[in-house]
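Coordinates from query_9.cif are shown below (mmCIF, C-alpha atoms and all ligand atoms).
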```cif
data_input
#
loop_
_atom_site.label_atom_id
_atom_site.label_comp_id
_atom_site.auth_asym_id
_atom_site.auth_seq_id
_atom_site.Cartn_x
_atom_site.Cartn_y
_atom_site.Cartn_z
CA MET A 22 -15.93 -4.25 9.00
CA LEU A 23 -13.92 -5.49 11.91
CA THR A 24 -15.76 -8.78 11.83
CA ARG A 25 -15.10 -9.21 8.16
CA ARG A 26 -11.47 -8.39 8.67
CA ARG A 27 -11.12 -10.97 11.42
CA VAL A 28 -12.83 -13.63 9.38
CA LEU A 29 -10.69 -13.00 6.36
CA PHE A 30 -7.58 -12.69 8.43
CA ALA A 31 -8.27 -16.09 9.93
CA GLY A 32 -8.92 -17.41 6.46
CA ALA A 33 -5.64 -16.07 5.24
CA ALA A 34 -3.80 -17.74 8.09
CA ALA A 35 -5.58 -21.01 7.47
CA ALA A 36 -4.69 -20.89 3.82
CA GLY A 37 -1.06 -20.52 4.73
CA ALA A 38 -0.88 -16.96 3.54
CA ALA A 39 1.52 -15.14 5.79
CA THR A 40 0.27 -11.83 7.06
CA THR A 41 3.67 -10.34 7.57
CA GLY A 42 5.46 -8.36 4.93
CA ALA A 43 7.24 -11.46 3.77
CA LEU A 44 6.58 -13.17 0.51
CA VAL A 45 3.50 -15.28 0.57
CA THR A 46 2.75 -18.50 -1.17
CA GLY A 47 0.27 -18.29 -3.97
CA ARG A 48 -2.14 -21.01 -3.04
CA GLY A 49 -5.09 -19.26 -4.52
CA ASP A 50 -3.97 -20.29 -7.98
CA GLY A 51 -3.98 -23.92 -7.01
CA SER A 52 -0.27 -24.10 -6.34
CA ALA A 53 1.15 -24.81 -2.92
CA ARG A 54 4.57 -23.62 -3.92
CA PRO A 55 5.98 -20.20 -3.16
CA VAL A 56 5.78 -17.81 -6.05
CA ALA A 57 8.78 -18.63 -8.17
CA PRO A 58 10.91 -15.85 -9.58
CA ALA A 59 10.01 -15.10 -13.15
CA PRO A 60 12.57 -16.72 -15.42
CA GLY A 61 14.60 -14.18 -17.30
CA PRO A 62 13.56 -10.61 -17.95
CA PRO A 63 9.89 -9.62 -17.69
CA ALA A 64 7.91 -10.72 -20.70
CA ARG A 65 7.19 -7.93 -23.12
CA ARG A 66 3.79 -8.90 -24.28
CA PRO A 67 1.74 -6.56 -26.42
CA LEU A 68 -0.43 -4.28 -24.35
CA LYS A 69 -4.16 -4.60 -24.58
CA PRO A 70 -5.65 -1.29 -25.59
CA SER A 71 -8.67 -1.84 -23.36
CA ALA A 72 -6.63 -2.15 -20.21
CA TYR A 73 -6.55 0.75 -17.86
CA ARG A 74 -3.68 3.20 -18.34
CA LEU A 75 -1.27 0.75 -19.74
CA GLN A 76 0.56 3.51 -21.48
CA PRO A 77 1.51 6.86 -20.04
CA LEU A 78 -0.39 9.89 -21.13
CA THR A 79 1.89 12.27 -22.90
CA GLY A 80 -0.52 15.16 -23.17
CA TYR A 81 -0.38 17.41 -26.19
CA GLY A 82 3.19 18.55 -25.90
CA ALA A 83 6.31 16.94 -27.21
CA PRO A 84 6.63 13.39 -25.96
CA SER A 85 8.78 13.26 -22.89
CA ALA A 86 11.17 10.45 -22.10
CA ALA A 87 9.14 7.29 -21.73
CA PRO A 88 9.03 6.05 -18.14
CA ARG A 89 10.69 2.75 -17.51
CA ARG A 90 8.39 -0.21 -17.73
CA THR A 91 7.43 -1.45 -14.29
CA PRO A 92 9.14 -4.77 -13.63
CA VAL A 93 7.19 -7.89 -12.65
CA ARG A 94 8.51 -8.81 -9.25
CA SER A 95 8.28 -12.14 -7.48
CA GLU A 96 8.13 -10.62 -4.03
CA PRO A 97 7.09 -7.27 -2.66
CA ILE A 98 9.46 -4.57 -1.54
CA LEU A 99 9.76 -4.76 2.24
CA ARG A 100 11.90 -1.76 2.99
CA MET A 101 13.46 1.10 1.16
CA PRO A 102 17.13 1.70 0.69
CA ALA A 103 17.90 4.62 2.91
CA ARG A 104 20.79 6.82 3.62
CA GLY A 105 20.78 7.76 7.23
CA ARG A 106 17.74 7.72 9.44
CA THR A 107 14.93 7.59 6.91
CA MET A 108 11.65 5.76 7.54
CA MET A 109 8.23 5.56 5.97
CA LEU A 110 4.80 5.57 7.52
CA THR A 111 1.98 3.82 5.68
CA PHE A 112 -1.72 3.77 6.51
CA ASP A 113 -4.00 1.15 4.97
CA ASP A 114 -7.69 0.49 4.29
CA GLY A 115 -8.99 4.08 4.29
CA PRO A 116 -9.75 6.76 3.92
CA ASP A 117 -12.22 6.92 6.79
CA PRO A 118 -13.64 10.36 7.65
CA ARG A 119 -13.63 9.42 11.34
CA PHE A 120 -9.87 8.88 11.55
CA THR A 121 -8.01 9.92 8.40
CA PRO A 122 -8.44 13.70 8.88
CA ASP A 123 -6.93 13.45 12.34
CA ILE A 124 -3.95 11.54 10.96
CA LEU A 125 -3.54 14.13 8.22
CA ASP A 126 -3.69 16.90 10.82
CA THR A 127 -0.90 15.29 12.84
CA LEU A 128 1.25 14.75 9.76
CA ALA A 129 0.69 18.38 8.75
CA ARG A 130 1.58 19.63 12.22
CA TYR A 131 5.02 18.06 11.87
CA ASP A 132 5.35 18.67 8.11
CA VAL A 133 5.64 14.93 7.44
CA ARG A 134 4.54 13.05 4.33
CA ALA A 135 3.12 9.50 4.46
CA THR A 136 1.67 6.87 2.15
CA PHE A 137 -1.98 5.85 2.19
CA PHE A 138 -2.93 2.53 0.63
CA VAL A 139 -6.58 3.19 0.00
CA CYS A 140 -9.41 0.83 -0.83
CA GLY A 141 -11.42 1.93 -3.84
CA GLU A 142 -14.77 1.54 -2.11
CA MET A 143 -13.59 3.85 0.69
CA ALA A 144 -11.88 6.30 -1.65
CA ASP A 145 -14.98 6.56 -3.81
CA TYR A 146 -17.00 7.87 -0.85
CA ASN A 147 -14.24 10.09 0.47
CA ARG A 148 -12.77 11.73 -2.58
CA ASP A 149 -12.24 14.95 -0.70
CA LEU A 150 -9.74 13.17 1.52
CA LEU A 151 -7.78 11.97 -1.51
CA SER A 152 -7.73 15.55 -2.77
CA ARG A 153 -6.40 16.66 0.57
CA MET A 154 -3.70 13.97 0.45
CA ALA A 155 -2.65 15.27 -2.96
CA ASP A 156 -2.63 18.88 -1.75
CA GLU A 157 -0.50 17.98 1.26
CA GLY A 158 2.07 15.94 -0.64
CA HIS A 159 1.17 12.44 0.51
CA VAL A 160 1.43 9.36 -1.69
CA VAL A 161 -1.70 7.34 -2.41
CA GLY A 162 -1.34 3.66 -3.27
CA ASN A 163 -3.76 0.99 -4.45
CA HIS A 164 -5.05 -1.47 -1.82
CA THR A 165 -7.74 -3.02 -4.05
CA TRP A 166 -11.39 -2.05 -4.19
CA SER A 167 -12.97 -4.22 -1.49
CA HIS A 168 -10.01 -5.72 0.40
CA PRO A 169 -10.37 -9.34 -0.72
CA LEU A 170 -7.85 -12.10 -0.30
CA LEU A 171 -6.38 -11.89 -3.80
CA THR A 172 -5.06 -15.44 -3.69
CA ARG A 173 -8.67 -16.62 -3.76
CA LEU A 174 -9.64 -14.60 -6.81
CA ASP A 175 -9.11 -15.48 -10.41
CA ARG A 176 -7.06 -13.22 -12.62
CA ARG A 177 -10.09 -11.33 -13.86
CA GLY A 178 -11.21 -10.65 -10.33
CA ILE A 179 -7.81 -9.36 -9.29
CA ARG A 180 -7.66 -7.12 -12.33
CA SER A 181 -11.06 -5.66 -11.59
CA GLU A 182 -10.17 -4.95 -7.96
CA MET A 183 -7.00 -3.16 -9.02
CA GLU A 184 -8.26 -1.31 -12.07
CA ARG A 185 -11.34 0.16 -10.42
CA THR A 186 -9.22 1.42 -7.55
CA SER A 187 -6.63 2.97 -9.83
CA GLU A 188 -9.44 4.75 -11.67
CA VAL A 189 -10.94 6.33 -8.59
CA VAL A 190 -7.50 7.29 -7.28
CA GLU A 191 -6.66 8.98 -10.54
CA GLN A 192 -9.93 10.88 -10.50
CA ALA A 193 -9.76 12.03 -6.89
CA TYR A 194 -6.02 12.26 -6.27
CA GLY A 195 -5.08 13.58 -9.67
CA GLU A 196 -2.76 10.85 -10.84
CA PRO A 197 -2.84 7.07 -10.91
CA PRO A 198 -1.24 5.16 -8.08
CA ARG A 199 2.30 3.94 -8.65
CA TRP A 200 2.35 1.59 -5.66
CA PHE A 201 0.08 -1.21 -4.56
CA ARG A 202 -0.22 -3.40 -1.52
CA ALA A 203 -2.11 -6.69 -1.43
CA PRO A 204 -4.66 -7.03 1.39
CA TYR A 205 -3.28 -9.18 4.23
CA GLY A 206 0.09 -9.12 2.47
CA ALA A 207 -1.19 -12.04 0.39
CA TRP A 208 0.43 -11.71 -3.02
CA ASN A 209 0.56 -14.13 -5.88
CA ARG A 210 2.02 -14.09 -9.32
CA ALA A 211 -1.10 -12.69 -10.95
CA ALA A 212 -1.12 -9.79 -8.48
CA PHE A 213 2.50 -8.99 -9.27
CA GLN A 214 1.88 -9.22 -13.02
CA LEU A 215 -1.29 -7.16 -13.03
CA GLY A 216 0.18 -4.56 -10.70
CA ALA A 217 3.13 -4.15 -13.03
CA GLU A 218 0.82 -3.88 -16.05
CA LEU A 219 -0.93 -1.03 -14.28
CA GLY A 220 2.40 0.66 -13.61
CA MET A 221 2.54 -0.09 -9.88
CA GLU A 222 5.31 -1.44 -7.69
CA PRO A 223 4.38 -3.78 -4.81
CA LEU A 224 5.23 -2.34 -1.44
CA ALA A 225 4.87 -4.41 1.73
CA TRP A 226 6.22 -3.35 5.09
CA THR A 227 8.95 -3.96 7.62
CA VAL A 228 7.25 -3.20 10.92
CA ASP A 229 3.65 -4.26 11.55
CA THR A 230 2.03 -2.32 14.38
CA LEU A 231 -0.90 -4.81 14.42
CA ASP A 232 -2.95 -1.77 15.34
CA TRP A 233 -6.10 -3.37 13.93
CA THR A 234 -6.08 -5.73 16.92
CA THR A 235 -6.50 -2.61 19.11
CA PRO A 236 -3.67 -3.61 21.44
CA GLY A 237 -3.64 -0.22 23.16
CA THR A 238 -2.09 3.06 22.13
CA ARG A 239 1.05 2.48 24.20
CA THR A 240 1.70 -0.88 22.56
CA ILE A 241 1.39 0.61 19.08
CA VAL A 242 3.83 3.36 20.05
CA GLU A 243 6.29 0.82 21.41
CA ARG A 244 6.13 -1.31 18.29
CA VAL A 245 7.02 1.67 16.15
CA GLU A 246 9.76 2.85 18.47
CA ASP A 247 11.24 -0.64 18.85
CA GLY A 248 11.15 -1.22 15.10
CA ALA A 249 12.59 2.13 14.10
CA ALA A 250 15.62 1.75 11.84
CA PRO A 251 16.86 3.19 8.55
CA GLY A 252 14.71 2.13 5.58
CA VAL A 253 11.88 0.73 7.68
CA VAL A 254 8.33 0.84 6.36
CA VAL A 255 5.72 0.97 9.14
CA LEU A 256 2.24 -0.50 8.63
CA SER A 257 -0.73 1.09 10.41
CA HIS A 258 -4.39 1.53 9.53
CA ASP A 259 -6.65 4.54 9.26
CA ALA A 260 -9.82 2.50 8.66
CA GLY A 261 -11.35 -0.95 8.98
CA GLY A 262 -12.67 -0.44 12.51
CA ASP A 263 -12.12 1.90 15.42
CA ARG A 264 -8.69 3.32 14.69
CA SER A 265 -8.62 5.88 17.49
CA GLN A 266 -5.66 4.06 19.07
CA SER A 267 -3.75 4.43 15.80
CA VAL A 268 -4.61 8.11 15.72
CA ARG A 269 -3.39 8.69 19.28
CA ALA A 270 -0.29 6.55 18.76
CA LEU A 271 0.81 8.65 15.80
CA ARG A 272 0.55 11.80 17.90
CA SER A 273 2.94 10.17 20.34
CA TYR A 274 5.53 8.38 18.21
CA LEU A 275 5.83 10.90 15.40
CA PRO A 276 7.46 13.67 17.47
CA GLY A 277 9.57 10.98 19.14
CA LEU A 278 10.90 9.71 15.83
CA LEU A 279 11.65 13.24 14.68
CA ASP A 280 13.42 14.00 17.94
CA SER A 281 15.51 10.87 17.41
CA GLY A 282 16.69 12.28 14.11
CA TYR A 283 14.47 10.25 11.77
CA HIS A 284 13.36 11.71 8.50
CA LEU A 285 9.91 10.42 7.52
CA THR A 286 9.46 10.18 3.79
CA VAL A 287 7.45 8.56 1.01
CA PRO A 288 8.55 5.89 -1.48
CA ARG A 289 10.19 7.04 -4.65
CA ARG A 290 10.34 4.96 -7.77
CA HIS A 291 13.93 5.73 -8.58
CA TYR A 292 14.95 4.01 -5.35
CA VAL A 293 13.80 0.59 -6.46
ZN ZN B 301 -5.54 -3.76 4.40
#
```
Would you give me this structure, written as structure tokens?
Ligand SMILES: [Zn+2]
Amino acid sequence: MLTRRRVLFAGAAAAGAATTGALVTGRGDGSARPVAPAPGPPARRPLKPSAYRLQPLTGYGAPSAAPRRTPVRSEPILRMPARGRTMMLTFDDGPDPRFTPDILDTLARYDVRATFFVCGEMADYNRDLLSRMADEGHVVGNHTWSHPLLTRLDRRGIRSEMERTSEVVEQAYGEPPRWFRAPYGAWNRAAFQLGAELGMEPLAWTVDTLDWTTPGTRTIVERVEDGAAPGVVVLSHDAGGDRSQSVRALRSYLPGLLDSGYHLTVPRRHYV
């Protein structure tokens, strides 16, 4: 897993796909240009009935107010508007039964909610962990099924990666994901469009702990502490290799952030 990650990470860098939370060029579609903003308002094309959950379920009761259509963005959200000292913790690539339960235990100890961008192939094998995330108030987002570089997939491939993951999240977590994050932070226009069709907003990050490089627990802690600021979204990982440093780092920086007056929260759609 680690080897695959390194190979793909190198590939992403070679392709010019930035691995920070910044907007990335969409070279996978044959264009070397940055993803251009969509001209005018999002297109209101007819929805395909076969597509996954394109319309909200209204149940059997009276129809409630229809949720706003998810906009098609041209870049991911990097941080959240925040009043005061509010931050978000996000954990990608899991769940992994070796590390995720420990992270959940630490979050529970401090009564903190976080966001988990899960991969479908991991979630499928660890549905109990998604149930636990739901029970404990965490947000689960879509991080594709198999963690590919989306800019190298065609539209059908991207759709499949996203749809399958949304399905397993809905089954195990209890509701479909409303946020997605492209692997390696490599977004393109198709990913934004398909994410919006599936009702998901693209969330990147502000502070990258680079914990997957296993730089040492202390370094991960310092990166979080140094990057702490209102509205910041922190990227860490609970899978994809040995994440024991990430587990230990959380135990250290979480009480520190709380002592500094930070409120750790999860993304809310009405913010964006
Ligand atoms: Zn990832």
Find the nearest atom pair between each residue of chain A and ligand ZN 301 (chain B) for residues within 12 Å, count all atoms listed in the file, give distances in Å to one decimal, sort rows by chain and ascending number, and present the table as a tab-separated table.
```
residue	atom	partner	partner_atom	distance
A:Met22	CA	B:ZN301	ZN	11.4
A:Leu23	CA	B:ZN301	ZN	11.4
A:Arg25	CA	B:ZN301	ZN	11.6
A:Arg26	CA	B:ZN301	ZN	8.7
A:Arg27	CA	B:ZN301	ZN	11.5
A:Leu29	CA	B:ZN301	ZN	10.8
A:Phe30	CA	B:ZN301	ZN	10.0
A:Thr40	CA	B:ZN301	ZN	10.3
A:Thr41	CA	B:ZN301	ZN	11.8
A:Gly42	CA	B:ZN301	ZN	11.9
A:Thr111	CA	B:ZN301	ZN	10.8
A:Phe112	CA	B:ZN301	ZN	8.7
A:Asp113	CA	B:ZN301	ZN	5.2
A:Asp114	CA	B:ZN301	ZN	4.8
A:Gly115	CA	B:ZN301	ZN	8.6
A:Pro116	CA	B:ZN301	ZN	11.3
A:Phe137	CA	B:ZN301	ZN	10.5
A:Phe138	CA	B:ZN301	ZN	7.8
A:Val139	CA	B:ZN301	ZN	8.3
A:Cys140	CA	B:ZN301	ZN	8.0
A:Gly141	CA	B:ZN301	ZN	11.6
A:Met143	CA	B:ZN301	ZN	11.7
A:Gly162	CA	B:ZN301	ZN	11.5
A:Asn163	CA	B:ZN301	ZN	10.2
A:His164	CA	B:ZN301	ZN	6.6
A:Thr165	CA	B:ZN301	ZN	8.8
A:Trp166	CA	B:ZN301	ZN	10.5
A:Ser167	CA	B:ZN301	ZN	9.5
A:His168	CA	B:ZN301	ZN	6.3
A:Pro169	CA	B:ZN301	ZN	9.0
A:Leu170	CA	B:ZN301	ZN	9.8
A:Leu171	CA	B:ZN301	ZN	11.6
A:Phe201	CA	B:ZN301	ZN	10.9
A:Arg202	CA	B:ZN301	ZN	8.0
A:Ala203	CA	B:ZN301	ZN	7.4
A:Pro204	CA	B:ZN301	ZN	4.5
A:Tyr205	CA	B:ZN301	ZN	5.9
A:Gly206	CA	B:ZN301	ZN	8.0
A:Ala207	CA	B:ZN301	ZN	10.2
A:Ala225	CA	B:ZN301	ZN	10.8
A:Trp226	CA	B:ZN301	ZN	11.8
A:Asp229	CA	B:ZN301	ZN	11.7
A:Leu231	CA	B:ZN301	ZN	11.1
A:Asp232	CA	B:ZN301	ZN	11.4
A:Trp233	CA	B:ZN301	ZN	9.6
A:Leu256	CA	B:ZN301	ZN	9.4
A:Ser257	CA	B:ZN301	ZN	9.1
A:His258	CA	B:ZN301	ZN	7.5
A:Asp259	CA	B:ZN301	ZN	9.7
A:Ala260	CA	B:ZN301	ZN	8.7
A:Gly261	CA	B:ZN301	ZN	7.9
A:Gly262	CA	B:ZN301	ZN	11.3
```
**Study point:** One-decimal distance in Å that lies between atom CA of A:Glu182 and atom CA of A:Ser265
**Key:**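 So the two atoms, atom CA of A:Ser265 and atom CA of A:Glu182, lie 27.7 Å apart.
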Within 10 Å of stretch 276-284 of chain A: each stretch 93-151 of chain A residue with its shortest pair, all atoms listed in the file, as a tab-separated table:
```
residue	atom	partner	partner_atom	distance
A:Gly105	CA	A:Tyr283	CA	8.2
A:Arg106	CA	A:Tyr283	CA	4.7
A:Thr107	CA	A:His284	CA	4.7
A:Met108	CA	A:His284	CA	6.3
A:Met109	CA	A:His284	CA	8.4
A:Thr127	CA	A:Pro276	CA	9.7
A:Leu128	CA	A:Pro276	CA	10.0
A:Arg130	CA	A:Pro276	CA	9.9
A:Tyr131	CA	A:Pro276	CA	7.5
A:Val133	CA	A:His284	CA	8.4
A:Arg134	CA	A:His284	CA	9.8
```
Point to revise | Minimum-distance residue to A:Leu219, chosen among A:His291, A:Ala193, A:Ile179, A:Val242 (using all atoms listed in the file) | key: A:Ile179
Practice item. For atom CA of A:Pro118 and atom CA of A:Leu151, quote the distance in Å rounded to one decimal. Key: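 Straight-line distance from atom CA of A:Pro118 to atom CA of A:Leu151 works out to 11.0 Å.
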Point to revise | Minimum-distance residue to A:Ile124, chosen among A:Arg289, A:Met154, A:Gln214, A:Pro92 (using only C-alpha atoms) | key: A:Met154
Review point. Atom CA of A:Val160 and atom CA of A:Thr136, how far apart in Å?
Key: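 It comes out at 4.6 Å.
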Show me the residues close to (-6.6, 13.5, -6.0) - anything with an atom within 12 Å, counting only C-alpha atoms - and format the list as an mmCIF file with C-alpha atoms, in the frame of the given file.
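So point26.cif came out as:
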```
data_model
loop_
_atom_site.group_PDB
_atom_site.id
_atom_site.type_symbol
_atom_site.label_atom_id
_atom_site.label_comp_id
_atom_site.auth_asym_id
_atom_site.auth_seq_id
_atom_site.Cartn_x
_atom_site.Cartn_y
_atom_site.Cartn_z
ATOM 1 C CA VAL A 139 -6.580 3.190 0.000
ATOM 2 C CA ALA A 144 -11.880 6.300 -1.650
ATOM 3 C CA ASP A 145 -14.980 6.560 -3.810
ATOM 4 C CA ASN A 147 -14.240 10.090 0.470
ATOM 5 C CA ARG A 148 -12.770 11.730 -2.580
ATOM 6 C CA ASP A 149 -12.240 14.950 -0.700
ATOM 7 C CA LEU A 150 -9.740 13.170 1.520
ATOM 8 C CA LEU A 151 -7.780 11.970 -1.510
ATOM 9 C CA SER A 152 -7.730 15.550 -2.770
ATOM 10 C CA ARG A 153 -6.400 16.660 0.570
ATOM 11 C CA MET A 154 -3.700 13.970 0.450
ATOM 12 C CA ALA A 155 -2.650 15.270 -2.960
ATOM 13 C CA ASP A 156 -2.630 18.880 -1.750
ATOM 14 C CA GLU A 157 -0.500 17.980 1.260
ATOM 15 C CA GLY A 158 2.070 15.940 -0.640
ATOM 16 C CA HIS A 159 1.170 12.440 0.510
ATOM 17 C CA VAL A 160 1.430 9.360 -1.690
ATOM 18 C CA VAL A 161 -1.700 7.340 -2.410
ATOM 19 C CA GLY A 162 -1.340 3.660 -3.270
ATOM 20 C CA SER A 187 -6.630 2.970 -9.830
ATOM 21 C CA GLU A 188 -9.440 4.750 -11.670
ATOM 22 C CA VAL A 189 -10.940 6.330 -8.590
ATOM 23 C CA VAL A 190 -7.500 7.290 -7.280
ATOM 24 C CA GLU A 191 -6.660 8.980 -10.540
ATOM 25 C CA GLN A 192 -9.930 10.880 -10.500
ATOM 26 C CA ALA A 193 -9.760 12.030 -6.890
ATOM 27 C CA TYR A 194 -6.020 12.260 -6.270
ATOM 28 C CA GLY A 195 -5.080 13.580 -9.670
ATOM 29 C CA GLU A 196 -2.760 10.850 -10.840
ATOM 30 C CA PRO A 197 -2.840 7.070 -10.910
ATOM 31 C CA PRO A 198 -1.240 5.160 -8.080
#
```
